[in-house]
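Asks: Pasting in a structure now, in structure tokens, and then I'll have a few things to ask.
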Amino acid sequence: MQLKVIETPKNEVQRPAKPPVDLSTLSHRQLLDGDFWRRIPAYAGVSEADFLDHKWQMKQTITKVDKLLGALQGLVSPAVIADAEEGFGAAPMAVRVSPYLLALIDWQNPYEDPIRRQFIPLGSTRLADHPNLRFDSLNEQADAPVQGLTHRYPDKALFLALDTCPVYCRFCTRSYAVGPDVDQGELEKLSLKANNQRWDAIFAYVASRPELEDIVISGGDSYNLRADQVREIGNRLLDIPHVQRMRFATKGPAVMPQKILTDDEWFKALVEVVHRGRKMAKDVVLHTHFNHPNEITAITKRAMDRLFSEGITVRNQAVLQRGVNDAVETMTVLVKRLGHVNVQPYYVYVHDLVKGVEELRTTVDTAAQLEKAVRGTTAGFNTPTFVVDAPGGGGKRVVHSFEHYDRITGISVFSAPRVKPGQYFLYFDPLHLLPEAGQLRWKDPAEHAKMVQEALDRARAHAHR
Ligand SMILES: *Cc1c(COP(=O)(O)O)cnc(C)c1O
Ligand code: SF4
């Protein structure tokens with residue numbers, strides 16, 4: 001791309017008017033509405049009252065591969081069904097898909113559809129894992145003083161309250177704990193059940209650490225906590241004097257917004273905790289996880305409006321995925337649409353080094369380019385920060401802040417002075433997106449350690465300039 005040099009106009013009096021807006025750039029405000037689920041043969045007879053009811057959504061959520069393949073009969077060709085069967089056979093995550101999500105997928109184009117890509121694996125698109133991937137790439141267990149609480153940063157901690165979710169995402173970074181065991185998991189998953197005794201030890205730890213001001217309640221997913229559990233966790237954390245901020249993390253609004261609208265018990269519990277916090281001058285918010293503009297419909301808008309009307313702040317953390325949201329146009333519409341429904345785009349994560357989803361990863365360079373393209377689109381506070389969650393436990397680092405980045409080998413090196421001083425953290429771009437010279441070097445196992453060493457040496461040289 002050629003950059004134009006803009007010269008400062010001299011003594012300009014008449015300024016050209018801003019040209020009229022191209023209305024197609026306002027598509028973020030056009031939300032899918034109506035009975036779109038009827039496009040799916042299995043849901044053709046489902047009434048609006050049922051589809052909008054979270055109890056119906058939960059009961060109809062598909063948790064068996066053969067059920068899912070059955071629901072696709074008549075929608076897609078037998079070849080696609082066979083492809084999905086093969087995909088599930090090799091996948092490290094269990095299946096769990098809500099009818100809402102299934103109905104949002106464009107089954108005319110299953111190969112390209114961004115929601116299909118995130119939840120339904122296909123055998124034919126599978127790529128071999130990068131040799132440097134491992135289980136729990138974020139080292140959450142190593143940084144856990146109590147099982148289920150990761151205390152990595154000085155003043156905040158991550159509380160894994162439970163190990164289930166309303167859906168299971170293929171790209172889940174916590175596949176070491178989340179969801180039921182599957183045949184392909186080389187380890188038995190760590191058990192993090194919703195359990196008051198396990199939580200007691202966590203609350204005691206938080207109470208014993210005066211520096212902890214900020215607790216992320218995640219899992220698993222806060223949507224799967226019962227109303228009394230939302231209150232229990234919320235109130236016990238609010239009662240710890242030094243806890244000043246809390247975030248309930250949930251994918252829920254992106255995969256089943258109905259719950260916000262019809263699960264009054266759960267909604268009331270959340271509102272109660274938020275309002276009690278406000279009276280105590282403590283900030284309780286919701287963090288959610290939309291990845292593609294198609295996940296935001298008119299139903300989502302009504303759900304987000306209900307949260308907004310209660311003064312509940314909602315922020316979004318998206319995961320950058322190839323073929324899902326790695327195009328400038330898609331990411332821009334996502335950011336604008338989130339703003340439209342009063343959700344603040346907070347982070348876009350470069351995909352973690354998770355096994356079995358290599359075709360969904362992309363490069364640090366793609367993330368950096370996207371960040372440049374998106375910034376300036378809308379309010380700065382509605383512009384996400386693009387980060388790499390540094391593998392090995394460095395925490396989130398801005399994509400542009402690498403100490404060294406070799407686009408040939410795809411190795412980027414990050415440091416985290418406030419989190420793990422003196423350490424370097426490596427991210428590896430997927431091999432198939434590297435230039436030929438890089439792919440060739442990775443083909444030779446003798447080169448692997450050499451490439452890593454080179455990258456570390458250059459990062460050190462950069463630090464000591
Ligand atoms: C992401 C994360 C947090 C919260 O970090 P923010 O940058 O404040 O969103 C806290 N602890 C752990 C272990 C995390 O991964
Ligand atoms: S909702 Fe979150 S924790 Fe659950 S499977 Fe998806 S990414 Fe993992």
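Labels for the structure tokens follow display order: chains A, B, ..., residues from 1 in each chain, ligands from 1.
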Neighbours of Pro180 (chain A) within 9 Å (only C-alpha atoms; same-chain residues fewer than 5 positions away dropped), as a PyMOL selection string?
Replies: chain A and resi 93-94+163-164+189
Asks: Write the residues of the preceding selection, restricted to C-alpha atoms, as an mmCIF file, in the first residue's frame.
Replies:
```cif
data_model
loop_
_atom_site.group_PDB
_atom_site.id
_atom_site.type_symbol
_atom_site.label_atom_id
_atom_site.label_comp_id
_atom_site.auth_asym_id
_atom_site.auth_seq_id
_atom_site.Cartn_x
_atom_site.Cartn_y
_atom_site.Cartn_z
ATOM 1 C CA MET A 93 -13.506 -30.266 22.962
ATOM 2 C CA ALA A 94 -16.914 -31.846 23.532
ATOM 3 C CA ASP A 163 -15.981 -25.956 34.596
ATOM 4 C CA THR A 164 -19.092 -25.936 32.420
ATOM 5 C CA LYS A 189 -9.264 -32.746 32.648
#
```
Asks: So that I can see what lies close to region 260-270 of chain A, please list as a CSV table (one decimal) with N, CA, C and O atoms, in the first residue's frame the residues with an atom at most 7 Å from it, counting only C-alpha atoms and leaving out residues fewer than 6 positions away in the same chain.
Replies:
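Okay, result-v2.csv is ready:
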```
chain,number,residue,atom,x,y,z
A,53,ASP,N,-37.4,-18.4,24.8
A,53,ASP,CA,-37.3,-18.8,26.2
A,53,ASP,C,-36.0,-19.6,26.5
A,53,ASP,O,-35.7,-20.5,25.8
A,54,HIS,N,-35.3,-19.1,27.5
A,54,HIS,CA,-34.0,-19.7,27.8
A,54,HIS,C,-34.1,-21.2,28.2
A,54,HIS,O,-33.3,-22.0,27.9
A,226,ARG,N,-26.0,-21.0,39.3
A,226,ARG,CA,-27.4,-20.8,39.7
A,226,ARG,C,-27.5,-19.4,40.3
A,226,ARG,O,-26.5,-18.8,40.7
A,227,ALA,N,-28.7,-18.8,40.4
A,227,ALA,CA,-28.9,-17.5,40.9
A,227,ALA,C,-28.3,-17.4,42.3
A,227,ALA,O,-27.6,-16.4,42.7
A,230,VAL,N,-24.6,-17.0,42.1
A,230,VAL,CA,-24.2,-15.7,41.7
A,230,VAL,C,-24.2,-14.8,42.9
A,230,VAL,O,-23.2,-14.0,43.2
A,231,ARG,N,-25.2,-14.9,43.7
A,231,ARG,CA,-25.3,-14.1,45.0
A,231,ARG,C,-24.2,-14.4,45.9
A,231,ARG,O,-23.5,-13.6,46.5
A,303,ALA,N,-31.6,-7.9,25.0
A,303,ALA,CA,-30.9,-8.4,26.2
A,303,ALA,C,-29.9,-7.4,26.7
A,303,ALA,O,-29.9,-7.1,27.9
```
Asks: Show me which residues sit within 9 Å of ligand 2 when counting only C-alpha atoms and all ligand atoms, and put them as a count of residues only.
Replies: 29
Asks: What does the list of residues within 6 Å of ligand 1 look like if you count only C-alpha atoms and all ligand atoms, written as a ChimeraX atom specification?
Replies: /A:150,152,156-158
Asks: Put those residues in a file: all heavy atoms, as a compact mmCIF listing (two decimals), in the first residue's frame.
Replies:
```txt
# COMPACT_ATOMS: atom_id res chain seq x y z
N THR A 150 -6.09 -18.26 39.81
CA THR A 150 -4.80 -17.90 39.22
C THR A 150 -4.45 -16.48 39.66
O THR A 150 -5.18 -15.53 39.35
CB THR A 150 -4.86 -18.00 37.68
OG1 THR A 150 -5.20 -19.35 37.34
CG2 THR A 150 -3.52 -17.65 37.06
N ARG A 152 -1.72 -14.06 39.08
CA ARG A 152 -0.55 -13.80 38.24
C ARG A 152 -0.14 -12.36 38.32
O ARG A 152 1.03 -12.04 38.45
CB ARG A 152 -0.91 -14.17 36.79
CG ARG A 152 0.09 -13.67 35.76
CD ARG A 152 -0.22 -14.21 34.39
NE ARG A 152 -0.25 -15.66 34.42
CZ ARG A 152 -1.02 -16.41 33.63
NH1 ARG A 152 -1.81 -15.85 32.75
NH2 ARG A 152 -0.99 -17.72 33.72
N LYS A 156 -4.80 -8.36 40.76
CA LYS A 156 -6.03 -9.00 40.29
C LYS A 156 -5.83 -10.50 40.16
O LYS A 156 -4.69 -10.97 40.01
CB LYS A 156 -6.48 -8.39 38.95
CG LYS A 156 -5.43 -8.47 37.86
CD LYS A 156 -5.76 -7.58 36.66
CE LYS A 156 -4.62 -7.65 35.65
NZ LYS A 156 -4.70 -6.67 34.58
N ALA A 157 -6.92 -11.23 40.23
CA ALA A 157 -6.83 -12.68 40.15
C ALA A 157 -8.01 -13.23 39.36
O ALA A 157 -9.05 -12.59 39.22
CB ALA A 157 -6.81 -13.29 41.55
N LEU A 158 -7.80 -14.44 38.85
CA LEU A 158 -8.79 -15.11 38.02
C LEU A 158 -9.34 -16.30 38.79
O LEU A 158 -8.61 -17.20 39.17
CB LEU A 158 -8.09 -15.58 36.73
CG LEU A 158 -8.82 -16.55 35.81
CD1 LEU A 158 -10.02 -15.87 35.17
CD2 LEU A 158 -7.86 -17.06 34.72
```
Asks: Might you pull out every residue within 6 Å of region 448-460 of chain A, with only C-alpha atoms counted and same-chain residues fewer than 2 positions away left off, and present them as a list of chain:residue names?
Replies: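 Answer for this query is A:Glu403, A:His404, A:Pro445, A:Ala446, A:His462, A:Ala463.
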Asks: Hey, which of A:Phe381, A:Val350, A:Ile408, A:His340 ends up closest to Gln30 (chain A)? Count only C-alpha atoms.
Replies: A:His340
Asks: Counting only C-alpha atoms, what is within 8 Å of region 385-401 of chain A, bar same-chain residues fewer than 4 positions away, as JSON, numbers by chain?
Replies: {"A": [137, 138, 139, 140, 143, 152, 153, 346, 347, 348, 349, 350, 351, 352, 353, 364, 367, 368, 371, 414, 415, 416, 419, 420, 425, 426, 427]}
Asks: Output N, CA and C atoms for every residue in that selection, as a PDB file, in the first residue's frame.
Replies:
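This is the output file out.pdb:
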```
ATOM      1  N   SER A 137      -1.539 -23.630  27.729  1.00  0.00           N
ATOM      2  CA  SER A 137      -0.417 -22.830  27.230  1.00  0.00           C
ATOM      3  C   SER A 137      -0.235 -21.553  28.040  1.00  0.00           C
ATOM      4  N   LEU A 138      -1.262 -21.162  28.800  1.00  0.00           N
ATOM      5  CA  LEU A 138      -1.128 -19.923  29.570  1.00  0.00           C
ATOM      6  C   LEU A 138      -0.559 -20.178  30.965  1.00  0.00           C
ATOM      7  N   ASN A 139      -0.259 -21.442  31.278  1.00  0.00           N
ATOM      8  CA  ASN A 139       0.291 -21.771  32.599  1.00  0.00           C
ATOM      9  C   ASN A 139      -0.615 -21.324  33.735  1.00  0.00           C
ATOM     10  N   GLU A 140      -1.915 -21.443  33.550  1.00  0.00           N
ATOM     11  CA  GLU A 140      -2.824 -20.963  34.590  1.00  0.00           C
ATOM     12  C   GLU A 140      -2.690 -21.798  35.849  1.00  0.00           C
ATOM     13  N   ASP A 143       0.379 -20.783  38.047  1.00  0.00           N
ATOM     14  CA  ASP A 143       0.209 -19.528  38.777  1.00  0.00           C
ATOM     15  C   ASP A 143      -0.961 -19.594  39.769  1.00  0.00           C
ATOM     16  N   ARG A 152      -1.717 -14.057  39.081  1.00  0.00           N
ATOM     17  CA  ARG A 152      -0.550 -13.805  38.236  1.00  0.00           C
ATOM     18  C   ARG A 152      -0.140 -12.355  38.325  1.00  0.00           C
ATOM     19  N   TYR A 153      -1.121 -11.469  38.203  1.00  0.00           N
ATOM     20  CA  TYR A 153      -0.841 -10.029  38.228  1.00  0.00           C
ATOM     21  C   TYR A 153      -0.818  -9.558  39.682  1.00  0.00           C
ATOM     22  N   TYR A 346     -13.342  -4.516  24.546  1.00  0.00           N
ATOM     23  CA  TYR A 346     -12.239  -4.354  25.499  1.00  0.00           C
ATOM     24  C   TYR A 346     -10.953  -4.950  24.926  1.00  0.00           C
ATOM     25  N   TYR A 347     -10.974  -6.234  24.646  1.00  0.00           N
ATOM     26  CA  TYR A 347      -9.790  -6.894  24.088  1.00  0.00           C
ATOM     27  C   TYR A 347     -10.126  -7.662  22.821  1.00  0.00           C
ATOM     28  N   VAL A 348      -9.146  -7.774  21.941  1.00  0.00           N
ATOM     29  CA  VAL A 348      -9.149  -8.823  20.919  1.00  0.00           C
ATOM     30  C   VAL A 348      -7.880  -9.632  21.180  1.00  0.00           C
ATOM     31  N   TYR A 349      -8.047 -10.899  21.495  1.00  0.00           N
ATOM     32  CA  TYR A 349      -6.911 -11.762  21.802  1.00  0.00           C
ATOM     33  C   TYR A 349      -6.404 -12.442  20.542  1.00  0.00           C
ATOM     34  N   VAL A 350      -5.101 -12.434  20.365  1.00  0.00           N
ATOM     35  CA  VAL A 350      -4.523 -13.341  19.387  1.00  0.00           C
ATOM     36  C   VAL A 350      -4.809 -14.746  19.922  1.00  0.00           C
ATOM     37  N   HIS A 351      -5.242 -15.625  19.055  1.00  0.00           N
ATOM     38  CA  HIS A 351      -5.633 -16.991  19.439  1.00  0.00           C
ATOM     39  C   HIS A 351      -4.524 -17.657  20.266  1.00  0.00           C
ATOM     40  N   ASP A 352      -4.885 -18.209  21.404  1.00  0.00           N
ATOM     41  CA  ASP A 352      -3.877 -18.901  22.224  1.00  0.00           C
ATOM     42  C   ASP A 352      -3.335 -20.130  21.494  1.00  0.00           C
ATOM     43  N   LEU A 353      -2.222 -20.617  21.996  1.00  0.00           N
ATOM     44  CA  LEU A 353      -1.577 -21.784  21.372  1.00  0.00           C
ATOM     45  C   LEU A 353      -2.307 -23.053  21.810  1.00  0.00           C
ATOM     46  N   VAL A 364       0.674 -12.868  14.445  1.00  0.00           N
ATOM     47  CA  VAL A 364       0.758 -11.623  15.216  1.00  0.00           C
ATOM     48  C   VAL A 364       0.724 -10.439  14.254  1.00  0.00           C
ATOM     49  N   ALA A 367      -2.770  -9.492  13.403  1.00  0.00           N
ATOM     50  CA  ALA A 367      -3.400  -8.778  14.513  1.00  0.00           C
ATOM     51  C   ALA A 367      -2.938  -7.324  14.542  1.00  0.00           C
ATOM     52  N   ALA A 368      -1.654  -7.111  14.307  1.00  0.00           N
ATOM     53  CA  ALA A 368      -1.113  -5.749  14.343  1.00  0.00           C
ATOM     54  C   ALA A 368      -1.690  -4.919  13.198  1.00  0.00           C
ATOM     55  N   GLU A 371      -5.321  -4.060  13.977  1.00  0.00           N
ATOM     56  CA  GLU A 371      -5.405  -3.021  15.001  1.00  0.00           C
ATOM     57  C   GLU A 371      -5.268  -1.639  14.360  1.00  0.00           C
ATOM     58  N   PHE A 414       7.929 -11.588  23.711  1.00  0.00           N
ATOM     59  CA  PHE A 414       7.355 -10.531  24.539  1.00  0.00           C
ATOM     60  C   PHE A 414       8.004 -10.544  25.925  1.00  0.00           C
ATOM     61  N   SER A 415       7.997  -9.400  26.586  1.00  0.00           N
ATOM     62  CA  SER A 415       8.425  -9.369  27.980  1.00  0.00           C
ATOM     63  C   SER A 415       7.270  -8.798  28.795  1.00  0.00           C
ATOM     64  N   ALA A 416       7.332  -9.004  30.102  1.00  0.00           N
ATOM     65  CA  ALA A 416       6.250  -8.556  30.992  1.00  0.00           C
ATOM     66  C   ALA A 416       6.882  -8.075  32.292  1.00  0.00           C
ATOM     67  N   VAL A 419       4.992  -8.259  35.539  1.00  0.00           N
ATOM     68  CA  VAL A 419       4.373  -9.540  35.899  1.00  0.00           C
ATOM     69  C   VAL A 419       5.440 -10.603  36.194  1.00  0.00           C
ATOM     70  N   LYS A 420       6.374 -10.772  35.266  1.00  0.00           N
ATOM     71  CA  LYS A 420       7.456 -11.748  35.442  1.00  0.00           C
ATOM     72  C   LYS A 420       8.745 -11.085  34.954  1.00  0.00           C
ATOM     73  N   PHE A 425       8.713 -14.340  26.707  1.00  0.00           N
ATOM     74  CA  PHE A 425       7.579 -15.204  26.366  1.00  0.00           C
ATOM     75  C   PHE A 425       7.463 -15.277  24.856  1.00  0.00           C
ATOM     76  N   LEU A 426       7.259 -16.488  24.356  1.00  0.00           N
ATOM     77  CA  LEU A 426       7.283 -16.691  22.908  1.00  0.00           C
ATOM     78  C   LEU A 426       5.903 -17.030  22.376  1.00  0.00           C
ATOM     79  N   TYR A 427       5.557 -16.399  21.260  1.00  0.00           N
ATOM     80  CA  TYR A 427       4.352 -16.794  20.531  1.00  0.00           C
ATOM     81  C   TYR A 427       4.793 -17.315  19.166  1.00  0.00           C
TER      82      TYR A 427
END
```
Asks: Region 70-87 of chain A: which residues within 6 Å, counting only C-alpha atoms, same-chain residues fewer than 2 positions away excluded, as a PyMOL selection string?
Replies: chain A and resi 66-68+89-90+121-123
Asks: Mind writing the picked residues with N, CA and C atoms as a PDB file, in the first residue's frame?
Replies:
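Output (selection-v8.pdb):
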```pdb
ATOM      1  N   ASP A  66     -24.108 -37.247  17.394  1.00  0.00           N
ATOM      2  CA  ASP A  66     -25.090 -37.827  16.459  1.00  0.00           C
ATOM      3  C   ASP A  66     -26.373 -36.990  16.392  1.00  0.00           C
ATOM      4  N   LYS A  67     -26.722 -36.350  17.528  1.00  0.00           N
ATOM      5  CA  LYS A  67     -27.880 -35.444  17.526  1.00  0.00           C
ATOM      6  C   LYS A  67     -27.619 -34.255  16.596  1.00  0.00           C
ATOM      7  N   LEU A  68     -26.414 -33.720  16.704  1.00  0.00           N
ATOM      8  CA  LEU A  68     -26.069 -32.567  15.877  1.00  0.00           C
ATOM      9  C   LEU A  68     -26.100 -32.958  14.403  1.00  0.00           C
ATOM     10  N   GLY A  89     -14.628 -36.393  15.525  1.00  0.00           N
ATOM     11  CA  GLY A  89     -13.857 -37.557  15.931  1.00  0.00           C
ATOM     12  C   GLY A  89     -12.458 -37.196  16.396  1.00  0.00           C
ATOM     13  N   ALA A  90     -11.922 -36.084  15.893  1.00  0.00           N
ATOM     14  CA  ALA A  90     -10.547 -35.704  16.212  1.00  0.00           C
ATOM     15  C   ALA A  90     -10.466 -34.503  17.147  1.00  0.00           C
ATOM     16  N   PRO A 121     -16.287 -28.551  14.092  1.00  0.00           N
ATOM     17  CA  PRO A 121     -15.065 -28.850  13.352  1.00  0.00           C
ATOM     18  C   PRO A 121     -15.352 -29.685  12.106  1.00  0.00           C
ATOM     19  N   LEU A 122     -14.539 -29.514  11.104  1.00  0.00           N
ATOM     20  CA  LEU A 122     -14.637 -30.353   9.907  1.00  0.00           C
ATOM     21  C   LEU A 122     -13.300 -31.064   9.717  1.00  0.00           C
ATOM     22  N   GLY A 123     -13.370 -32.336   9.361  1.00  0.00           N
ATOM     23  CA  GLY A 123     -12.136 -33.086   9.160  1.00  0.00           C
ATOM     24  C   GLY A 123     -11.292 -32.509   8.032  1.00  0.00           C
TER      25      GLY A 123
END
```
Asks: Which of region 93-296 of chain A end up as strand (DSSP E or B) when DSSP is run on this backbone - answer as a PyMOL selection string?
Replies: chain A and resi 97+146+149-150+156-160+214-218+245-249+283-288
Asks: Could you give me, as a ChimeraX atom specification, the residues within 8 Å of Arg126 (chain A), counting only C-alpha atoms and dropping anything in the same chain fewer than 5 positions from it?
Replies: /A:87,356-359
Asks: So how many Å separate CA of Gln317 (chain A) and CA of Pro253 (chain A), to one decimal?
Replies: 12.2 Å
Asks: So, with only C-alpha atoms as the atoms that count, which of A:Leu338, A:Met304, A:Val374, A:Leu160 lies closest to Met256 (chain A)?
Replies: A:Met304
